[in-house]
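Working notes for the structure below.
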Amino acid sequence: MRGNRSRDTAPEIAIRSALHRLGLRFRKDFLIRAGGPRGIRTDIAFTRLRLAIFVDGCFWHGCPIHGRVPRANHDYWRAKLGRNSERDARNNETLEAVGWSVLRFWEHDPVDEAVATIVRGVRRGEGRCLTGSGR
């Protein structure tokens with residue numbers, strides 16, 4: 001399982017690259033000190049806007065379309081993937097409780113749709129993360 005990347009996955013990089021091309025500046029793999037001693041690590045964060053973005057893998061986060069539980073060691077994987085989904089929901093609640101907005105995308109979501117949603121979220125936050133436009 002060492003080969004499974006927790007950051008810098010292909011879908012994450014595609015979204016970050018598109019955001020960067022639009023002039024948006026953000027933090028990647030950002031640790032938010034909330035929800036206990038370990039904190040919550042986001043894939044992308046607009047810190048001034050308090051906007052946390054996660055790009056979830058279909059297998060690890062239990063995508064309703066593509067997620068599946070392996071046949072080998074089925075009980076272990078069902079419990080493991082269930083805990084991952086519960087942790088995601090708990091992290092969303094914790095972040096929202098401390099004033100962050102949370103956006104989650106599946107790895108199979110089209111990049112342009114994810115980017116459009118993120119840009120709308122940034123604009124709602126008065127566009128303070130846009131660079132070069134004077135906003």
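Within each chain, counting starts at residue 1; across the structure tokens, chains are named A, B, ... in the order shown, with ligands numbered 1 upward in that order.
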Which residues are close to A:Thr47, i.e. within 8 Å by only C-alpha atoms, leaving aside same-chain residues fewer than 3 positions away? Reply as a PDB file with N, CA and C atoms, in the first residue's frame.
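The file below, out34.pdb, is the result:
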ATOM      1  N   PHE A  26      -3.252  29.382  -3.891  1.00  0.00           N
ATOM      2  CA  PHE A  26      -3.800  28.544  -2.832  1.00  0.00           C
ATOM      3  C   PHE A  26      -2.669  27.807  -2.154  1.00  0.00           C
ATOM      4  N   ARG A  27      -2.995  27.093  -1.096  1.00  0.00           N
ATOM      5  CA  ARG A  27      -2.049  26.208  -0.420  1.00  0.00           C
ATOM      6  C   ARG A  27      -2.419  24.781  -0.775  1.00  0.00           C
ATOM      7  N   ARG A  50     -10.942  30.729   3.927  1.00  0.00           N
ATOM      8  CA  ARG A  50     -11.317  29.566   4.736  1.00  0.00           C
ATOM      9  C   ARG A  50     -12.153  28.597   3.895  1.00  0.00           C
ATOM     10  N   LEU A  51     -11.605  28.264   2.731  1.00  0.00           N
ATOM     11  CA  LEU A  51     -12.236  27.336   1.798  1.00  0.00           C
ATOM     12  C   LEU A  51     -11.333  26.116   1.657  1.00  0.00           C
ATOM     13  N   ALA A  52     -11.828  24.959   2.101  1.00  0.00           N
ATOM     14  CA  ALA A  52     -11.077  23.704   2.052  1.00  0.00           C
ATOM     15  C   ALA A  52     -11.628  22.844   0.924  1.00  0.00           C
TER      16      ALA A  52
END
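Per DSSP on the backbone, strand (DSSP E or B) in chain A comprises Leu24, Arg27, Lys28, Asp29, Phe30, Leu31, Ile32, Ile40, Arg41, Thr42, Asp43, Ile44, Ala45, Phe46, Leu51, Ala52, Ile53, Phe54, Val55, Asp56, Ser101, Val102, Leu103, Arg104, Phe105, Trp106 and Leu130 of chain A.
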Write the selection just made, keeping C-alpha atoms, as a PDB file, in the first residue's frame?
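So again14.pdb came out as:
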ATOM      1  CA  LEU A  24      -5.802  31.662  -8.312  1.00  0.00           C
ATOM      2  CA  ARG A  27      -2.049  26.208  -0.420  1.00  0.00           C
ATOM      3  CA  LYS A  28      -1.719  22.532  -1.224  1.00  0.00           C
ATOM      4  CA  ASP A  29      -1.720  19.690   1.288  1.00  0.00           C
ATOM      5  CA  PHE A  30      -2.596  22.226   3.992  1.00  0.00           C
ATOM      6  CA  LEU A  31      -2.976  21.204   7.644  1.00  0.00           C
ATOM      7  CA  ILE A  32      -5.853  22.844   9.506  1.00  0.00           C
ATOM      8  CA  ILE A  40      -7.264  17.900   9.131  1.00  0.00           C
ATOM      9  CA  ARG A  41      -5.143  17.925   5.986  1.00  0.00           C
ATOM     10  CA  THR A  42      -6.841  19.417   2.909  1.00  0.00           C
ATOM     11  CA  ASP A  43      -5.832  18.830  -0.698  1.00  0.00           C
ATOM     12  CA  ILE A  44      -6.261  22.519  -1.607  1.00  0.00           C
ATOM     13  CA  ALA A  45      -6.956  25.433   0.715  1.00  0.00           C
ATOM     14  CA  PHE A  46      -7.736  29.088   0.185  1.00  0.00           C
ATOM     15  CA  LEU A  51     -12.236  27.336   1.798  1.00  0.00           C
ATOM     16  CA  ALA A  52     -11.077  23.704   2.052  1.00  0.00           C
ATOM     17  CA  ILE A  53     -11.131  21.476  -1.029  1.00  0.00           C
ATOM     18  CA  PHE A  54     -10.789  17.707  -1.153  1.00  0.00           C
ATOM     19  CA  VAL A  55     -10.358  15.519  -4.248  1.00  0.00           C
ATOM     20  CA  ASP A  56     -11.484  12.067  -3.131  1.00  0.00           C
ATOM     21  CA  SER A 101     -16.397  26.041   3.826  1.00  0.00           C
ATOM     22  CA  VAL A 102     -15.784  22.586   2.374  1.00  0.00           C
ATOM     23  CA  LEU A 103     -15.926  21.441  -1.248  1.00  0.00           C
ATOM     24  CA  ARG A 104     -15.455  17.765  -2.119  1.00  0.00           C
ATOM     25  CA  PHE A 105     -14.972  16.305  -5.573  1.00  0.00           C
ATOM     26  CA  TRP A 106     -14.627  12.732  -6.815  1.00  0.00           C
ATOM     27  CA  LEU A 130      -7.381  36.199  -7.316  1.00  0.00           C
TER      28      LEU A 130
END
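Separating atom CA of A:Glu96 from atom CA of A:Arg38 is a distance of 17.0 Å.
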Got a sec to tell me which of chain A DSSP assigns to helix (DSSP H, G or I), as a compact mmCIF listing (two decimals) with N, CA and C atoms, in the first residue's frame?
# COMPACT_ATOMS: atom_id res chain seq x y z
N ALA A 10 -3.11 12.46 -9.70
CA ALA A 10 -3.35 13.05 -11.03
C ALA A 10 -4.58 13.97 -11.05
N PRO A 11 -5.73 13.56 -10.46
CA PRO A 11 -6.88 14.47 -10.48
C PRO A 11 -6.62 15.76 -9.69
N GLU A 12 -5.90 15.64 -8.59
CA GLU A 12 -5.55 16.80 -7.77
C GLU A 12 -4.66 17.77 -8.55
N ILE A 13 -3.66 17.23 -9.20
CA ILE A 13 -2.73 18.05 -9.97
C ILE A 13 -3.46 18.75 -11.12
N ALA A 14 -4.37 18.04 -11.78
CA ALA A 14 -5.12 18.64 -12.89
C ALA A 14 -5.95 19.83 -12.41
N ILE A 15 -6.61 19.67 -11.28
CA ILE A 15 -7.42 20.77 -10.73
C ILE A 15 -6.53 21.93 -10.30
N ARG A 16 -5.44 21.63 -9.60
CA ARG A 16 -4.53 22.69 -9.16
C ARG A 16 -3.94 23.45 -10.34
N SER A 17 -3.56 22.73 -11.38
CA SER A 17 -2.99 23.38 -12.57
C SER A 17 -4.00 24.31 -13.22
N ALA A 18 -5.23 23.87 -13.33
CA ALA A 18 -6.28 24.70 -13.92
C ALA A 18 -6.53 25.95 -13.08
N LEU A 19 -6.56 25.79 -11.76
CA LEU A 19 -6.76 26.93 -10.88
C LEU A 19 -5.60 27.92 -11.00
N HIS A 20 -4.39 27.39 -11.07
CA HIS A 20 -3.21 28.24 -11.17
C HIS A 20 -3.22 29.01 -12.49
N ARG A 21 -3.61 28.35 -13.58
CA ARG A 21 -3.70 29.04 -14.88
C ARG A 21 -4.69 30.20 -14.85
N CYS A 58 -12.12 7.39 -5.78
CA CYS A 58 -13.34 6.58 -5.80
C CYS A 58 -13.24 5.35 -4.90
N PHE A 59 -12.11 4.67 -4.93
CA PHE A 59 -11.97 3.46 -4.12
C PHE A 59 -11.90 3.80 -2.64
N TRP A 60 -10.98 4.68 -2.26
CA TRP A 60 -10.71 4.93 -0.85
C TRP A 60 -11.82 5.66 -0.11
N HIS A 61 -12.64 6.40 -0.84
CA HIS A 61 -13.68 7.19 -0.18
C HIS A 61 -15.08 6.69 -0.47
N HIS A 74 -13.05 -9.28 2.35
CA HIS A 74 -14.22 -8.41 2.19
C HIS A 74 -14.60 -7.68 3.48
N ASP A 75 -14.63 -8.39 4.60
CA ASP A 75 -15.04 -7.76 5.86
C ASP A 75 -14.09 -6.64 6.29
N TYR A 76 -12.79 -6.89 6.13
CA TYR A 76 -11.80 -5.88 6.47
C TYR A 76 -12.02 -4.62 5.62
N TRP A 77 -12.13 -4.79 4.31
CA TRP A 77 -12.26 -3.65 3.41
C TRP A 77 -13.57 -2.90 3.59
N ARG A 78 -14.63 -3.62 3.82
CA ARG A 78 -15.92 -2.95 4.04
C ARG A 78 -15.84 -2.04 5.26
N ALA A 79 -15.26 -2.54 6.35
CA ALA A 79 -15.11 -1.73 7.56
C ALA A 79 -14.16 -0.56 7.33
N LYS A 80 -13.03 -0.82 6.67
CA LYS A 80 -12.03 0.22 6.41
C LYS A 80 -12.62 1.34 5.57
N LEU A 81 -13.27 1.01 4.48
CA LEU A 81 -13.84 2.02 3.58
C LEU A 81 -15.00 2.76 4.26
N GLY A 82 -15.74 2.06 5.11
CA GLY A 82 -16.80 2.70 5.87
C GLY A 82 -16.25 3.73 6.84
N ARG A 83 -15.14 3.38 7.50
CA ARG A 83 -14.49 4.34 8.42
C ARG A 83 -13.98 5.57 7.66
N ASN A 84 -13.47 5.36 6.45
CA ASN A 84 -13.00 6.50 5.66
C ASN A 84 -14.16 7.46 5.36
N SER A 85 -15.30 6.92 4.97
CA SER A 85 -16.46 7.76 4.68
C SER A 85 -16.95 8.49 5.93
N GLU A 86 -16.95 7.79 7.06
CA GLU A 86 -17.35 8.42 8.32
C GLU A 86 -16.38 9.54 8.70
N ARG A 87 -15.09 9.30 8.51
CA ARG A 87 -14.08 10.32 8.81
C ARG A 87 -14.28 11.55 7.91
N ASP A 88 -14.58 11.34 6.63
CA ASP A 88 -14.82 12.46 5.72
C ASP A 88 -15.99 13.31 6.22
N ALA A 89 -17.08 12.67 6.61
CA ALA A 89 -18.25 13.40 7.11
C ALA A 89 -17.91 14.14 8.40
N ARG A 90 -17.17 13.49 9.28
CA ARG A 90 -16.77 14.12 10.54
C ARG A 90 -15.85 15.31 10.28
N ASN A 91 -14.92 15.18 9.33
CA ASN A 91 -14.02 16.29 9.00
C ASN A 91 -14.81 17.47 8.42
N ASN A 92 -15.79 17.18 7.57
CA ASN A 92 -16.63 18.25 7.02
C ASN A 92 -17.31 19.02 8.15
N GLU A 93 -17.91 18.29 9.08
CA GLU A 93 -18.61 18.93 10.20
C GLU A 93 -17.65 19.75 11.06
N THR A 94 -16.48 19.20 11.34
CA THR A 94 -15.50 19.90 12.17
C THR A 94 -15.04 21.18 11.50
N LEU A 95 -14.71 21.10 10.22
CA LEU A 95 -14.24 22.29 9.51
C LEU A 95 -15.32 23.36 9.45
N GLU A 96 -16.54 22.95 9.17
CA GLU A 96 -17.64 23.92 9.09
C GLU A 96 -17.90 24.54 10.46
N ALA A 97 -17.72 23.77 11.52
CA ALA A 97 -17.93 24.29 12.88
C ALA A 97 -16.92 25.37 13.24
N VAL A 111 -12.66 18.00 -14.65
CA VAL A 111 -11.83 19.07 -14.09
C VAL A 111 -12.47 20.43 -14.29
N ASP A 112 -13.01 20.68 -15.48
CA ASP A 112 -13.58 22.00 -15.74
C ASP A 112 -14.78 22.29 -14.85
N GLU A 113 -15.57 21.27 -14.54
CA GLU A 113 -16.72 21.46 -13.63
C GLU A 113 -16.25 21.72 -12.20
N ALA A 114 -15.25 20.98 -11.76
CA ALA A 114 -14.71 21.18 -10.42
C ALA A 114 -14.12 22.59 -10.29
N VAL A 115 -13.37 23.00 -11.30
CA VAL A 115 -12.74 24.32 -11.28
C VAL A 115 -13.81 25.41 -11.27
N ALA A 116 -14.86 25.25 -12.07
CA ALA A 116 -15.94 26.25 -12.10
C ALA A 116 -16.59 26.38 -10.73
N THR A 117 -16.81 25.27 -10.05
CA THR A 117 -17.39 25.30 -8.71
C THR A 117 -16.46 26.00 -7.72
N ILE A 118 -15.18 25.71 -7.81
CA ILE A 118 -14.20 26.34 -6.92
C ILE A 118 -14.15 27.85 -7.17
N VAL A 119 -14.14 28.25 -8.45
CA VAL A 119 -14.10 29.68 -8.78
C VAL A 119 -15.33 30.39 -8.23
N ARG A 120 -16.50 29.75 -8.33
CA ARG A 120 -17.71 30.35 -7.73
C ARG A 120 -17.53 30.53 -6.23
N GLY A 121 -16.95 29.54 -5.57
CA GLY A 121 -16.71 29.63 -4.13
C GLY A 121 -15.74 30.75 -3.79
N VAL A 122 -14.72 30.92 -4.60
CA VAL A 122 -13.74 31.98 -4.37
C VAL A 122 -14.39 33.34 -4.59
N ARG A 123 -15.18 33.46 -5.63
CA ARG A 123 -15.83 34.75 -5.92
C ARG A 123 -16.81 35.13 -4.83
N ARG A 124 -17.51 34.15 -4.26
CA ARG A 124 -18.40 34.42 -3.13
C ARG A 124 -17.64 34.97 -1.95
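Nearest to A:Gly125 of all the residues A:Thr9, A:Ala34, A:Gly23, A:Arg48 is A:Arg48, based on only C-alpha atoms.
Take atom CA of A:Arg33 and atom CA of A:Gly62: the distance between them is 25.5 Å.
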